[in-house]
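Asks: Questions regarding the structure given below will be posed in turn.
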Amino acid sequence: MAKKGRVFSGARPTGRQHLGNYLGAIKNYVALQDDFECVYCIVDVHALTTVETTQDLIQNTYDMALDWLAAGIRPEESIMFVQSHVPQVMELHTYLSMVTPLGKLTDLPTFKEKVRQNESNINYGLVGYPVLMTADIVLYNTDFVPVGVDQAPHLEFSRETVRSFNYRYGKAVLKEPLMKNTEIPKVLGIDGVQKMGKSLNNHIELASNAEETQKRVMQMVTDPQRLRRNDPGNPDVCNVFSMHKIFSTKEEVAQINSDCRTAGIGCVDCKKKYAANLNANLAPFRERRDDLGKNPTAVWDILHDGAGRARVIAEETMGAVRDALQLPK
Ligand code: SF4
C-alpha cells in the first residue's frame, strides 16, 4: 500500500524504556508504520549536550533499540538508526546555524529551562540544540513530525529555519516539515504526582519481570483521601485507575469505577488486578525482547543497516544543499 509520506522522530538514548516512554512515544511509532514511511533516530549527539560522561552511551543505545524492536518497530520497513552514524547531520547543522539568529535560540523557553537544569554546563551545543534538531528532521526530507501540542513551538522553529535557509539561498531546497498533531498522554510515575521518568525513580520498566512489575505497582500512590479500606475512593483522581483504563477491559474498568466509589474493592486488590493485566499486556513484548537479546550483534546490524539507508537520503539532501550554497566542488 502506498504510504502517505515520511515521518521522522528522534529520542535520546535513555536505555531500558519505561511505561511512560511506551505510552508517550513508542506505541505511536509502531502504529505510524502502517501508513507512513518512518525514520526513527536514536539521537546520541543530542545526549552529549547534557551528559558529562559517555560511559553508558553504547549500552543505553543498545537497550533502547532492543525495546523499540521488541515493541514492534519493523526495521525492514522503517529506518531505525543512530544519529552519529549519519555525519551529514552535523554538516547540515552548521549550514543551518548560519541562518539562525543567536537571540532567537537564547529566547526559547526550552533553552531557559535547560539552563536552569544544567547551570554548571551551559555549552554551545546546548544553545544550538534546536538547530541540530532541525537538521535531523529536514535531512531526511521529512513530511511529518509527530508532536504533541506543547512541542509545536519546536517544530515551528524548524519550519522558520527552513524558510530562512530557502529564502537566503533562493531555492526551495529543504522541505518544511508539517506537524502531525499527536495526543501524547502524560503518564504519571508511581508517585502519582510527577511525570514518569528514570531520574525520579518513579518508573516501571517495560523489560522488568512480572514480579518486579507487581512490586512497583503495589507502591503506586492512589486516591490520597482514601485512608482506610472501608473509605469510598475516587477513581477520577487515582493514577492506578488511569492505568486500568489503558490495560484492563472495559468491563473491568466499569466494575472498578463503581466498586471503588462504594469501597467494594480495596486498593491492594485493585493494584493486583492492574499488575496482572499490565504483565499480561507486556508478556509478548518481554518474550520478543528476550529472543532479540540473545543476539546483540543482530540488533547493531539493524542499526547499521538503518544508518546506511539513512545516509543515502541524507547524501541526496546534502547534494542539493551544497549546490544551493554554491560551495566549491
Ligand atoms: S480502588 Fe483502585 S481506583 Fe480506587 S483508589 Fe484504590 S487503587 Fe484507585
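Following the order of the C-alpha cells, chains are lettered A, B, ..., residues in each are numbered from 1, and ligands are numbered from 1.
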Using only C-alpha atoms and all ligand atoms, which residues have at least one atom no more than 12 Å from ligand 1? Output them as a CSV table (one decimal) with N, CA and C atoms, in the first residue's frame.
Replies:
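Heads up, here's the output in result-v8.csv:
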chain,number,residue,atom,x,y,z
A,190,ILE,N,4.9,6.3,39.6
A,190,ILE,CA,4.2,5.6,40.7
A,190,ILE,C,3.9,6.5,41.9
A,192,GLY,N,2.3,9.1,41.5
A,192,GLY,CA,1.0,9.7,41.2
A,192,GLY,C,1.0,11.2,41.0
A,217,VAL,N,4.0,-1.7,41.1
A,217,VAL,CA,2.6,-1.3,41.0
A,217,VAL,C,2.1,-1.2,42.5
A,218,MET,N,2.5,-2.2,43.3
A,218,MET,CA,2.0,-2.1,44.7
A,218,MET,C,2.5,-0.9,45.5
A,219,GLN,N,3.5,-0.2,44.9
A,219,GLN,CA,4.0,1.0,45.6
A,219,GLN,C,3.2,2.3,45.1
A,220,MET,N,2.4,2.1,44.1
A,220,MET,CA,1.7,3.2,43.5
A,220,MET,C,0.8,4.0,44.5
A,221,VAL,N,0.9,5.3,44.4
A,221,VAL,CA,0.0,6.1,45.2
A,221,VAL,C,-1.4,6.2,44.6
A,222,THR,N,-2.4,6.0,45.5
A,222,THR,CA,-3.8,6.0,44.9
A,222,THR,C,-4.5,7.3,45.3
A,223,ASP,N,-5.8,7.2,45.5
A,223,ASP,CA,-6.6,8.4,45.9
A,223,ASP,C,-6.1,8.8,47.3
A,224,PRO,N,-5.5,10.0,47.5
A,224,PRO,CA,-4.9,10.3,48.8
A,224,PRO,C,-5.9,10.5,49.9
A,225,GLN,N,-7.2,10.7,49.5
A,225,GLN,CA,-8.2,10.8,50.5
A,225,GLN,C,-8.7,9.5,51.1
A,226,ARG,N,-8.3,8.4,50.4
A,226,ARG,CA,-8.8,7.1,50.8
A,226,ARG,C,-7.8,6.5,51.8
A,227,LEU,N,-8.1,6.7,53.1
A,227,LEU,CA,-7.1,6.3,54.1
A,227,LEU,C,-7.3,4.9,54.6
A,228,ARG,N,-8.6,4.4,54.6
A,228,ARG,CA,-8.9,3.1,55.1
A,228,ARG,C,-9.6,2.3,54.1
A,229,ARG,N,-9.5,1.0,54.2
A,229,ARG,CA,-10.1,0.1,53.3
A,229,ARG,C,-11.6,0.4,53.1
A,230,ASN,N,-12.3,0.8,54.2
A,230,ASN,CA,-13.7,1.0,54.1
A,230,ASN,C,-14.1,2.4,53.6
A,231,ASP,N,-13.1,3.2,53.4
A,231,ASP,CA,-13.5,4.6,52.9
A,231,ASP,C,-13.8,4.4,51.4
A,232,PRO,N,-14.8,5.1,50.9
A,232,PRO,CA,-15.1,5.1,49.5
A,232,PRO,C,-13.9,5.9,48.8
A,233,GLY,N,-13.6,5.5,47.6
A,233,GLY,CA,-12.5,6.2,46.9
A,233,GLY,C,-13.0,7.0,45.7
A,234,ASN,N,-12.1,7.7,45.1
A,234,ASN,CA,-12.5,8.5,43.9
A,234,ASN,C,-11.5,8.1,42.8
A,235,PRO,N,-12.0,7.2,41.9
A,235,PRO,CA,-11.1,6.8,40.8
A,235,PRO,C,-10.6,7.9,39.9
A,236,ASP,N,-11.4,9.0,39.8
A,236,ASP,CA,-11.0,10.1,38.9
A,236,ASP,C,-9.7,10.7,39.3
A,237,VAL,N,-9.3,10.6,40.6
A,237,VAL,CA,-8.0,11.2,41.0
A,237,VAL,C,-6.9,10.2,41.2
A,238,CYS,N,-7.2,9.0,40.8
A,238,CYS,CA,-6.3,7.9,41.1
A,238,CYS,C,-5.5,7.4,39.8
A,239,ASN,N,-4.2,7.4,39.9
A,239,ASN,CA,-3.3,7.0,38.8
A,239,ASN,C,-3.5,5.5,38.5
A,240,VAL,N,-3.8,4.7,39.5
A,240,VAL,CA,-4.0,3.3,39.2
A,240,VAL,C,-5.2,3.1,38.3
A,241,PHE,N,-6.2,3.9,38.5
A,241,PHE,CA,-7.4,3.8,37.7
A,241,PHE,C,-7.1,4.3,36.2
A,242,SER,N,-6.3,5.3,36.1
A,242,SER,CA,-5.9,5.8,34.8
A,242,SER,C,-5.2,4.7,34.0
A,243,MET,N,-4.4,3.9,34.7
A,243,MET,CA,-3.7,2.8,34.0
A,243,MET,C,-4.7,1.7,33.7
A,244,HIS,N,-5.6,1.4,34.6
A,244,HIS,CA,-6.6,0.4,34.3
A,244,HIS,C,-7.3,0.7,33.0
A,245,LYS,N,-7.6,2.0,32.8
A,245,LYS,CA,-8.3,2.4,31.5
A,245,LYS,C,-7.5,2.0,30.3
A,252,GLU,N,-13.9,-4.5,33.2
A,252,GLU,CA,-13.2,-4.4,34.4
A,252,GLU,C,-13.1,-2.9,34.9
A,253,VAL,N,-12.9,-2.0,33.9
A,253,VAL,CA,-12.8,-0.6,34.3
A,253,VAL,C,-14.2,-0.1,34.9
A,254,ALA,N,-15.3,-0.5,34.3
A,254,ALA,CA,-16.6,-0.1,34.8
A,254,ALA,C,-16.8,-0.7,36.2
A,255,GLN,N,-16.4,-1.9,36.4
A,255,GLN,CA,-16.5,-2.6,37.7
A,255,GLN,C,-15.7,-1.8,38.8
A,256,ILE,N,-14.5,-1.5,38.4
A,256,ILE,CA,-13.6,-0.9,39.4
A,256,ILE,C,-14.1,0.5,39.7
A,257,ASN,N,-14.6,1.2,38.7
A,257,ASN,CA,-15.2,2.5,38.8
A,257,ASN,C,-16.3,2.5,39.9
A,258,SER,N,-17.2,1.6,39.8
A,258,SER,CA,-18.3,1.6,40.8
A,258,SER,C,-17.8,1.0,42.1
A,259,ASP,N,-17.0,-0.1,42.1
A,259,ASP,CA,-16.6,-0.7,43.3
A,259,ASP,C,-15.7,0.2,44.2
A,260,CYS,N,-14.9,1.0,43.5
A,260,CYS,CA,-14.0,1.9,44.2
A,260,CYS,C,-14.9,3.0,45.0
A,261,ARG,N,-15.9,3.5,44.3
A,261,ARG,CA,-16.7,4.6,44.9
A,261,ARG,C,-17.6,4.1,46.1
A,262,THR,N,-17.8,2.7,46.2
A,262,THR,CA,-18.6,2.2,47.2
A,262,THR,C,-17.7,1.4,48.2
A,263,ALA,N,-16.4,1.5,48.1
A,263,ALA,CA,-15.5,0.7,48.9
A,263,ALA,C,-15.7,-0.8,48.7
A,264,GLY,N,-16.2,-1.1,47.6
A,264,GLY,CA,-16.4,-2.6,47.2
A,264,GLY,C,-15.1,-3.3,46.9
A,265,ILE,N,-14.1,-2.5,46.6
A,265,ILE,CA,-12.8,-3.1,46.3
A,265,ILE,C,-11.7,-2.3,47.0
A,266,GLY,N,-10.7,-2.9,47.6
A,266,GLY,CA,-9.7,-2.2,48.3
A,266,GLY,C,-8.5,-1.9,47.3
A,267,CYS,N,-7.7,-1.0,47.6
A,267,CYS,CA,-6.6,-0.5,46.7
A,267,CYS,C,-5.6,-1.7,46.5
A,268,VAL,N,-5.4,-2.5,47.5
A,268,VAL,CA,-4.5,-3.6,47.3
A,268,VAL,C,-5.0,-4.5,46.2
A,269,ASP,N,-6.2,-4.9,46.2
A,269,ASP,CA,-6.8,-5.8,45.2
A,269,ASP,C,-6.8,-5.1,43.8
A,270,CYS,N,-7.1,-3.9,43.9
A,270,CYS,CA,-7.2,-3.1,42.6
A,270,CYS,C,-5.9,-3.0,41.9
A,271,LYS,N,-4.8,-2.8,42.7
A,271,LYS,CA,-3.5,-2.8,42.2
A,271,LYS,C,-3.0,-4.1,41.7
A,272,LYS,N,-3.4,-5.2,42.4
A,272,LYS,CA,-3.0,-6.6,42.0
A,272,LYS,C,-3.6,-6.8,40.6
A,273,LYS,N,-4.9,-6.4,40.4
A,273,LYS,CA,-5.5,-6.6,39.2
A,273,LYS,C,-4.8,-5.9,38.1
A,274,TYR,N,-4.5,-4.6,38.3
A,274,TYR,CA,-3.8,-3.8,37.4
A,274,TYR,C,-2.4,-4.5,37.0
A,275,ALA,N,-1.7,-4.9,38.0
A,275,ALA,CA,-0.4,-5.5,37.8
A,275,ALA,C,-0.5,-6.8,36.9
Asks: With only C-alpha atoms counted and 12 Å as the cut-off, give the residues of range 162-234 of chain A in contact with range 307-321 of chain A, each with its shortest interatomic distance in Å and the pair that gives it, as a tab-separated table.
Replies:
residue	atom	partner	partner_atom	distance
A:Val162	CA	A:Val321	CA	11.5
A:Phe165	CA	A:Val321	CA	9.6
A:Asn166	CA	A:Val321	CA	9.6
A:Arg168	CA	A:Val321	CA	11.9
A:Tyr169	CA	A:Val321	CA	9.1
A:Gly170	CA	A:Val321	CA	11.3
A:Lys171	CA	A:Val321	CA	9.5
A:Ala172	CA	A:Ala320	CA	9.9
A:Val173	CA	A:Ala320	CA	6.4
A:Leu174	CA	A:Thr317	CA	7.7
A:Lys175	CA	A:Thr317	CA	9.8
Asks: Give the answer as one residue: which of A:Glu176, A:Asp290, A:Asp143, A:Glu205 has the shortest atom-to-atom distance to Thr14 in chain A, using only C-alpha atoms?
Replies: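 Looking at the shortest contact to Thr14 in chain A, the residue is A:Glu205.
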Asks: Quick one: residues within 12 Å of Ala2 in chain A, only C-alpha atoms, excluding same-chain residues fewer than 5 positions away - as a list in words?
Replies: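 My reading of the contact set: Gln33, Asp34, Asp35, Phe36 and Glu37 of chain A.
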Asks: Would you please work out which residue, of A:Ala135, A:Ala283, A:Val86, A:Val145, is nearest to Leu303 in chain A when using only C-alpha atoms?
Replies: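 Between A:Ala135, A:Ala283, A:Val86, A:Val145, the residue approaching Leu303 in chain A most closely is A:Val86.
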Asks: One number please: CA of Ile58 in chain A to CA of Gly15 in chain A, in Å, one decimal.
Replies: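 Between CA of Ile58 in chain A and CA of Gly15 in chain A the gap is 9.1 Å.
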Asks: Find the residues around Pro146 in chain A up to 12 Å (only C-alpha atoms counted), leave out those fewer than 4 positions away in its own chain, and share them as a ChimeraX atom specification.
Replies: /A:6-10,24-26,28-29,31-32,36,38-40,137,142,150-152,154-155,177-184
Asks: List the neighbours of Lys294 in chain A out to 12 Å using only C-alpha atoms; skip same-chain residues closer than 6 positions along the sequence, and give me the result as a PDB file with N, CA, C and O atoms, in the first residue's frame.
Replies:
ATOM      1  N   LEU A  66      16.732  -2.213  21.443  1.00  0.00           N
ATOM      2  CA  LEU A  66      16.142  -3.521  21.739  1.00  0.00           C
ATOM      3  C   LEU A  66      14.666  -3.363  22.133  1.00  0.00           C
ATOM      4  O   LEU A  66      13.789  -4.105  21.656  1.00  0.00           O
ATOM      5  N   GLU A 287       8.788 -11.411  25.771  1.00  0.00           N
ATOM      6  CA  GLU A 287       9.239 -12.623  25.082  1.00  0.00           C
ATOM      7  C   GLU A 287      10.107 -12.256  23.873  1.00  0.00           C
ATOM      8  O   GLU A 287      11.187 -12.808  23.670  1.00  0.00           O
ATOM      9  N   ARG A 288       9.623 -11.271  23.088  1.00  0.00           N
ATOM     10  CA  ARG A 288      10.380 -10.834  21.909  1.00  0.00           C
ATOM     11  C   ARG A 288      11.714 -10.221  22.337  1.00  0.00           C
ATOM     12  O   ARG A 288      12.741 -10.437  21.711  1.00  0.00           O
TER      13      ARG A 288
END
Asks: Which neighbours of Pro75 in chain A fall inside 9 Å, counting only C-alpha atoms, when residues of the same chain fewer than 6 positions from it are skipped, and could you give them as a short mmCIF file (atom, residue, chain, number, x, y, z; two decimals) with N, CA, C and O atoms, in the first residue's frame?
Replies:
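Output (selection_4.cif):
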data_model
loop_
_atom_site.label_atom_id
_atom_site.label_comp_id
_atom_site.auth_asym_id
_atom_site.auth_seq_id
_atom_site.Cartn_x
_atom_site.Cartn_y
_atom_site.Cartn_z
N LEU A 69 12.51 -2.41 19.09
CA LEU A 69 12.28 -3.57 18.21
C LEU A 69 11.27 -4.52 18.83
O LEU A 69 10.34 -5.00 18.18
N ILE A 302 21.02 -4.17 12.64
CA ILE A 302 19.79 -3.45 12.24
C ILE A 302 20.06 -1.94 12.25
O ILE A 302 19.70 -1.21 11.32
N LEU A 303 20.73 -1.48 13.31
CA LEU A 303 21.02 -0.04 13.41
C LEU A 303 21.99 0.40 12.31
O LEU A 303 21.83 1.48 11.72
N ASP A 305 22.41 -1.06 9.37
CA ASP A 305 21.69 -1.12 8.10
C ASP A 305 20.80 0.13 7.95
O ASP A 305 20.75 0.75 6.89
N GLY A 306 20.13 0.49 9.05
CA GLY A 306 19.27 1.68 9.02
C GLY A 306 20.09 2.93 8.70
O GLY A 306 19.69 3.77 7.90
#
Asks: With a distance cut-off of 12 Å and only C-alpha atoms, select the neighbouring residues of Ala11 in chain A, excluding the residue or stretch itself and same-chain residues fewer than 6 positions from it, and output the selection as JSON, numbers by chain.
Replies: {"A": [17, 21, 24, 25, 26, 29, 39, 40, 41, 42, 43, 44, 45, 46, 47, 60, 61, 64, 65, 68, 80, 81, 82, 83, 133, 136]}
Asks: Can you tell me, as an NGL selection string, which residues in range 54-241 of chain A count as alpha helix (DSSP H) by DSSP?
Replies: :A and (57-71 or 88-97 or 102-107 or 109-117 or 124-127 or 129-139 or 152-168 or 210-218 or 239-241)
